[in-house]
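Below you'll find the structure, written out as structure tokens, and then a few comments.
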Number of protein chains: 2
Amino acid sequence: MEMTQESRRTASERRRRELLEAADRVVLRDGPEASMNAIAAEAGITKPILYRHFGDKGGLYRALAVRHTDALLAGLRAALDSPVPRRDRVEATLDTYLAAIEARPQVYRFLMHPSDEGQTGDRGFDVGRHSAPLLRRLGEELAQVIAERVDLGPAGGELARVWGHGIVGMMHAAGDWWLREQPCSRAQLVQHLADLLWGRLAAAGDRPGGPGF
Amino acid sequence: MEMTQESRRTASERRRRELLEAADRVVLRDGPEASMNAIAAEAGITKPILYRHFGDKGGLYRALAVRHTDALLAGLRAALDSPVPRRDRVEATLDTYLAAIEARPQVYRFLMHPSDEGQTGDRGFDVGRHSAPLLRRLGEELAQVIAERVDLGPAGGELARVWGHGIVGMMHAAGDWWLREQPCSRAQLVQHLADLLWGRLAAAGDRPGGPGF
DNA sequence: ACACTGCTGTTACCGCAAGTAACGTACTGC
DNA sequence: GCAGTACGTTACTTGCGGTAACAGCAGTGT
């Protein structure tokens with residue numbers, strides 16, 4: 001068996017990918033509370049190997065998260081960067097996000113409700129740690145796009161960051177709620193949210209016969 | 001020692017309140033990962049009593065959550081219902097929420113990142129379960145206020161619900177980010193978010209020298 | 001041939017938190 | 001006196017994250 005250091009490295013990486021795919025399958029099946037034992041079993045091995053590869057559960061989570069986050073971000077960036085009017089871009093971005101969470105709700109739940117980990121005691125692995133849990137990454141990403149493409153005057157950077165995180169949060173919360181109780185079509189939801197962003201709340205009139213007056 | 005059934009009941013309720021206050025103190029100190037043991041110790045008792053009162057950890061969480069949620073909701077309702085122009089109402093509501101999370105970040109973290117529980121295995125206690133974890137409650141509440149006070153035409157109910165959850169999500173995400181890295185004053189954040197809701201994103205012009213064109 | 005390194009993998013264990021069982025005690029109402 | 005019910009305890013089970021300690025196997029330098 002020939003095996004140079006190079007081929008070793010690639011073999012190790014392939015192993016890692018296999019483990020991640022097994023973890024993915026388990027998460028897809030069991031949701032966010034997949035245990036390390038279950039993942040190891042799915043991969044046909046035992047726990048310590050997982051720990052050698054990923055350090056701790058947070059490490060595995062992070063590795064899984066960047067995979068999915070990168071995939072999602074690629075789609076979002078495409079929608080965000082397309083050379084069409086702003087409103088169309090916003091709608092395309094919202095729709096891309098919502099389509100993604102609709103297609104894989106289990107993965108979505110795993111990414112969004114990571115249970116915060118904690119409780120590691122004290123060892124504390126110096127690995128990356130707190131690698132921007134998706135929502136923050138999305139928020140920063142969107143902030144950058146806004147700052148790049150929209151003219152917000154002086155202090156626009158700060159504004160863009162606030163808006164980036166705010167809009168991502170809006171998208172997330174509305175999507176979460178919509179995913180639970182499917183109250184309308186995806187297209188309608190996109191329209192409603194875009195309308196909100198377009199100031200329809202400010203434009204709408206007061207209701208006749210409000211309480212008290 | 002005299003003790004009628006009535007006084008027993010009230011005594012039990014007082015005990016429950018004491019336990020909740022002890023739990024509150026621990027959560028305030030240790031954050032969301034407070035253990036049942038720690039809470040019991042703080043209350044000067046041992047675990048089984050907690051379980052007799054609250055069923056499981058989720059029950060305790062729920063009891064704590066409704067306390068704080070009710071308090072927060074009272075403040076928000078006041079801001080939401082005041083008879084001033086809509087923009088002022090929106091700003092007051094945002095500010096009320098942000099002031100609350102700024103004042104008690106530990107409680108806030110406990111409410112917002114309840115670690116999803118899970119992992120109970122199978123027993124699964126038929127107690128209430130998933131009692132609208134605050135964000136959903138806020139979203140529904142806001143949706144109702146919007147539906148009541150804003151004229152959105154036909155199908156306005158659906159729109160109001162989408163907006164309710166969306167706006168709450170925006171508030172939450174922006175608040176979460178702002179709480180971490182204090183990038184600006186609370187008043188500024190309120191202004192930025194209100195501007196976003198007021199359609200300033202749609203009104204702003206494209207940036208000169210965008211990428212690619 | 002040899003030890004050495006570095007990876008793969010194992011079994012068996014630790015610590016800790018949630019949740020329970022079994023038991024004892026005080027008080028009330030009949 | 002006796003049932004009922006709340007309070008309280010100690011001691012336990014289960015399950016998960018995480019870690020030794022050990023064993024095999026490929027390739028490398030001497």
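Every chain in the structure tokens has a letter given in the order shown (A, B, ...), and although residue numbers restart at 1 in each chain, ligands are simply numbered from 1 in the order shown.
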
Discussion item. From a backbone DSSP assignment, name each residue in stretch 87-210 of chain A labelled alpha helix (DSSP H), as number ranges by chain.
Written reply: A: 87-103, 105-112, 135-149, 156-180, 186-197, 200-203

Discussion item. Please list as number ranges by chain every residue within 9 Å of A:Tyr97, counting only C-alpha atoms (C1' of nucleotides) and excluding residues in the same chain fewer than 6 positions away.
Written reply: A: 72, 75-76, 171-172, 175

Grab the residues selected above and save them as a short mmCIF file (atom, residue, chain, number, x, y, z; two decimals), in the first residue's frame with N, CA, C and O atoms.
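Saved result, result_35.cif, follows:
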```cif
data_model
loop_
_atom_site.label_atom_id
_atom_site.label_comp_id
_atom_site.auth_asym_id
_atom_site.auth_seq_id
_atom_site.Cartn_x
_atom_site.Cartn_y
_atom_site.Cartn_z
N LEU A 72 -26.25 28.17 1.85
CA LEU A 72 -27.33 29.14 1.86
C LEU A 72 -26.83 30.52 1.44
O LEU A 72 -27.45 31.21 0.63
N GLY A 75 -26.50 31.08 -2.29
CA GLY A 75 -27.77 31.41 -2.93
C GLY A 75 -28.20 32.83 -2.64
O GLY A 75 -28.64 33.56 -3.54
N LEU A 76 -28.05 33.23 -1.38
CA LEU A 76 -28.49 34.57 -1.01
C LEU A 76 -27.66 35.65 -1.70
O LEU A 76 -28.20 36.66 -2.15
N MET A 171 -36.83 38.52 8.75
CA MET A 171 -36.95 37.37 7.85
C MET A 171 -37.01 36.08 8.66
O MET A 171 -37.85 35.21 8.41
N HIS A 172 -36.13 35.99 9.62
CA HIS A 172 -36.04 34.78 10.42
C HIS A 172 -37.32 34.52 11.21
O HIS A 172 -37.89 33.43 11.18
N GLY A 175 -40.27 33.82 8.98
CA GLY A 175 -40.12 32.50 8.40
C GLY A 175 -40.40 31.40 9.40
O GLY A 175 -41.05 30.41 9.09
#
```

Item to complete: Return the neighbours of chain B among the residues of chain C, cut-off 12 Å, counting only C-alpha atoms (C1' of nucleotides), as a list in words.
Response: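 Every residue of chain C that passes the 12 Å test is in DC16, DA17, DA18, DG19, DT20, DA21, DA26, DC27, DT28 and DG29 of chain C.
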
Worksheet item: Near chain A, which residues of chain D fall within 8 Å when you count only C-alpha atoms (C1' of nucleotides), and what do they look like as a list in words?
Response: DC16, DG17, DG18, DA26 and DG27 of chain D

Worksheet item: In Å, with one decimal, what is the gap from atom CA of A:Leu135 to atom CA of B:Val90?
Response: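 So the answer is 24.3 Å.
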
Residues of chain A at most 6 Å from chain B: nearest atom pair and distance in Å, only C-alpha atoms, as a Markdown table:
```
| residue | atom | partner | partner_atom | distance |
| --- | --- | --- | --- | --- |
| A:Ser115 | CA | B:Ser115 | CA | 3.8 |
| A:Arg149 | CA | B:Arg207 | CA | 5.0 |
| A:Val150 | CA | B:Asp206 | CA | 4.8 |
| A:Asp151 | CA | B:Arg207 | CA | 4.5 |
| A:His165 | CA | B:Ala174 | CA | 5.3 |
| A:Gly166 | CA | B:Met170 | CA | 4.3 |
| A:Ile167 | CA | B:Met170 | CA | 5.9 |
| A:Gly169 | CA | B:Met170 | CA | 4.5 |
| A:Met170 | CA | B:Met170 | CA | 4.2 |
| A:Ala173 | CA | B:Gly169 | CA | 4.7 |
| A:Ala174 | CA | B:Gly166 | CA | 4.8 |
| A:Leu197 | CA | B:Gly199 | CA | 5.9 |
| A:Trp198 | CA | B:Gly199 | CA | 4.6 |
| A:Gly199 | CA | B:Gly199 | CA | 3.6 |
| A:Ala202 | CA | B:Trp198 | CA | 5.4 |
| A:Gly205 | CA | B:Asp151 | CA | 5.4 |
| A:Asp206 | CA | B:Val150 | CA | 4.8 |
| A:Arg207 | CA | B:Asp151 | CA | 4.5 |
| A:Gly210 | CA | B:Arg149 | CA | 5.9 |
```

Discussion item. So that I can see what lies close to C:DC23, please list as a PyMOL selection string the residues with an atom at most 12 Å from it, counting only C-alpha atoms (C1' of nucleotides) and leaving out residues fewer than 6 positions away in the same chain.
Written reply: chain D and resi 8-11

Practice prompt. Fewer than 5 positions away in the same chain doesn't count, so skip those; otherwise give me all residues within 12 Å of B:Leu111, counting only C-alpha atoms (C1' of nucleotides), as a PyMOL selection string.
Written response: chain B and resi 24+27-28+31-33+58+60-69+72+101+104-106+116+132-135+172

Discussion item. For a test of reading the model, state the distance in Å between atom CA of A:Arg186 and atom CA of A:Arg109, rounded to one decimal.
Written reply: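 Taking atom CA of A:Arg186 and atom CA of A:Arg109, their separation equals 18.5 Å.
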
Item to complete: Just the residues within 12 Å of stretch 9-14 of chain C, please, counting only C-alpha atoms (C1' of nucleotides), with nothing from its chain fewer than 4 positions along; format it as a PyMOL selection string.
Response: (chain A and resi 44-50+52) or (chain D and resi 17-25)
